[in-house]
Amino acid sequence: MAKKVKFLAVKENKHPFSERKKNPKSYCIFHFFERLYIMYSSIYIMTQKEEYAFIKGDRINLVPLNFDHLALYDKWGNDEDFRRYCRFFFPRSTEEVKNWFTASVKSTNYYSFEVWHKEDKKPIGTCNLHCISWINRTAELGTFIGEQDYWGKGLGTEMIILLTKYAFQELNLRKLKAGIFSPNLGSQKAFKKAGYHVEATLKKEVYVDGEYVDIYNHVKYNE
Ligand SMILES: CC(C)(COP(=O)(O)OP(=O)(O)OC[C@H]1O[C@@H](n2cnc3c(N)ncnc32)[C@H](O)[C@@H]1OP(=O)(O)O)[C@@H](O)C(=O)NCCC(=O)NCCS
């Protein structure tokens with residue numbers, strides 16, 4: 001019976017939505033709710049995409065890179081205060097930043113994350129494991145809180161702890177490293193608080209603000 005009714009409706013071109021055109025008032029209401037639904041779903045999808053946590057922390061999550069945020073990553077990377085101790089010696093365009101992150105997505109020895117602030121619901125930085133050696137089971141950490149209002153609140157330390165736990169407990173790496181410039185006190189403190197120690201000092205290794213400074217190689221073993 002139901003099949004027969006459906007068949008007749010199609011035959012007489014009586015699709016439920018075709019009726020709305022005959023009644024402009026109901027059409028307007030329908031159209032309004034239709035738009036509202038589309039808007040709501042788009043916002044929901046966008047939020048879901050940004051909040052999707054690969055690694056869950058207390059105040060931050062490490063989430064997959066979001067290529068819609070490239071301009072933000074670019075802004076951080078070109079900022080003078082941010083890039084001072086990061087080996088970002090030359091200006092980079094958004095296109096170059098895109099190529100850089102695309103390479104990291106394709107690589108099997110380089111994994112990057114966006115750092116997502118849970119309470120404020122926004123990206124505040126990026127971090128990565130790079131130079132991963134699957135033979136030696138080692139990797140280097142890259143740690144970047146791009147939003148400077150969030151510096152000195154313990155978030156850098158939490159980011160290092162999360163990345164370290166992931167590297168040891170999921171990737172089965174055994175030794176992690178970070179080469180930190182001697183004037184970068186914030187980074188040294190954050191790594192020490194996350195359980196790293198200085199294993200080697202490279203004397204006058206890098207040129208920063210008009211002088212050669214040391215690099216302290218911070219390490220942590222999975223033991
Ligand atoms: C380095 C960085 C990741 C540290 O992140 P952060 O969120 O500021 O670190 P934390 O808040 O966890 O800081 C840890 C400690 O260092 C202190 N600290 C932070 N910045 C400092 C600074 N510039 N000078 C002195 N101490 C500082 C904090 O007060 C905290 O100490 P406390 O626990 O005794 O209060 C962040 O500053 C950053 O991204 N800088 C620019 C990029 C960079 O240099 N990356 C590292 C390359 S190796």
# chains A, B, ... in the order shown; residues from 1 in each chain; ligands from 1
>>> residues_near_ligand(ligand="ligand 1", cutoff="9 Å", atoms="only C-alpha atoms and all ligand atoms", output="PyMOL selection string")
chain A and resi 76-77+81-87+125-127+141-148+150-160+178-181+183-194
>>> select_by_dssp(residues="region 19-207 of chain A", states="strand (DSSP E)", output="PyMOL selection string")
chain A and resi 55-56+60-63+111-117+122-133+138-145+175-181+197-207
>>> write_last_selection(atoms="C-alpha atoms", output="mmCIF file, in the first residue's frame")
data_model
loop_
_atom_site.group_PDB
_atom_site.id
_atom_site.type_symbol
_atom_site.label_atom_id
_atom_site.label_comp_id
_atom_site.auth_asym_id
_atom_site.auth_seq_id
_atom_site.Cartn_x
_atom_site.Cartn_y
_atom_site.Cartn_z
ATOM 1 C CA ILE A 55 46.402 13.447 22.631
ATOM 2 C CA LYS A 56 44.363 14.690 25.582
ATOM 3 C CA ILE A 60 45.684 21.598 26.210
ATOM 4 C CA ASN A 61 45.100 18.921 23.600
ATOM 5 C CA LEU A 62 47.481 17.975 20.809
ATOM 6 C CA VAL A 63 45.363 17.842 17.666
ATOM 7 C CA TYR A 111 55.012 14.344 13.113
ATOM 8 C CA SER A 112 53.502 17.750 13.914
ATOM 9 C CA PHE A 113 50.542 18.732 16.067
ATOM 10 C CA GLU A 114 48.543 21.846 16.688
ATOM 11 C CA VAL A 115 48.336 22.825 20.371
ATOM 12 C CA TRP A 116 44.689 23.453 21.210
ATOM 13 C CA HIS A 117 43.718 25.440 24.337
ATOM 14 C CA LYS A 122 41.613 28.109 20.148
ATOM 15 C CA PRO A 123 44.969 27.052 18.703
ATOM 16 C CA ILE A 124 47.936 28.547 20.591
ATOM 17 C CA GLY A 125 50.929 26.807 19.071
ATOM 18 C CA THR A 126 52.431 23.787 17.381
ATOM 19 C CA CYS A 127 54.826 21.045 18.401
ATOM 20 C CA ASN A 128 56.505 18.129 16.722
ATOM 21 C CA LEU A 129 58.713 15.097 16.866
ATOM 22 C CA HIS A 130 61.297 15.352 14.100
ATOM 23 C CA CYS A 131 64.479 13.534 12.981
ATOM 24 C CA ILE A 132 62.873 10.315 14.227
ATOM 25 C CA SER A 133 65.270 7.410 13.819
ATOM 26 C CA THR A 138 65.456 8.500 19.003
ATOM 27 C CA ALA A 139 63.736 11.763 18.092
ATOM 28 C CA GLU A 140 64.022 15.521 18.585
ATOM 29 C CA LEU A 141 61.273 17.750 19.953
ATOM 30 C CA GLY A 142 60.092 21.051 18.480
ATOM 31 C CA THR A 143 57.996 23.090 20.940
ATOM 32 C CA PHE A 144 56.254 26.317 20.057
ATOM 33 C CA ILE A 145 53.627 28.312 21.951
ATOM 34 C CA LYS A 175 65.640 8.679 23.815
ATOM 35 C CA LEU A 176 64.322 12.198 23.155
ATOM 36 C CA LYS A 177 66.417 15.316 22.550
ATOM 37 C CA ALA A 178 66.049 19.089 22.370
ATOM 38 C CA GLY A 179 68.877 21.485 21.549
ATOM 39 C CA ILE A 180 68.130 24.696 23.474
ATOM 40 C CA PHE A 181 69.993 27.999 23.009
ATOM 41 C CA HIS A 197 68.558 16.965 31.803
ATOM 42 C CA VAL A 198 71.527 18.465 29.953
ATOM 43 C CA GLU A 199 73.659 15.728 28.421
ATOM 44 C CA ALA A 200 76.023 17.827 26.343
ATOM 45 C CA THR A 201 76.905 21.459 25.692
ATOM 46 C CA LEU A 202 77.880 22.656 22.247
ATOM 47 C CA LYS A 203 80.066 25.690 22.901
ATOM 48 C CA LYS A 204 79.440 28.887 20.924
ATOM 49 C CA GLU A 205 77.429 26.903 18.391
ATOM 50 C CA VAL A 206 74.915 29.407 17.100
ATOM 51 C CA TYR A 207 74.815 33.129 16.286
#
>>> closest_residue(among="A:Glu119, A:Glu95, A:Glu223, A:Glu80", to="Gly57 (chain A)", atoms="only C-alpha atoms")
A:Glu119
>>> closest_residue(among="A:Asn99, A:Val208, A:Arg137, A:Asp149", to="Leu171 (chain A)", atoms="only C-alpha atoms")
A:Arg137
>>> atom_distance(atom1="CA of Asn78 (chain A)", atom2="CA of Asp209 (chain A)")
15.9 Å
>>> residues_around(residues="Phe67 (chain A)", least_positions_apart="4", cutoff="9 Å", atoms="only C-alpha atoms", output="compact mmCIF listing (two decimals) with C-alpha atoms, in the first residue's frame")
# COMPACT_ATOMS: atom_id res chain seq x y z
CA ALA A 71 48.17 31.94 8.23
CA LYS A 98 52.33 25.18 3.75
CA PHE A 101 53.84 21.32 7.03
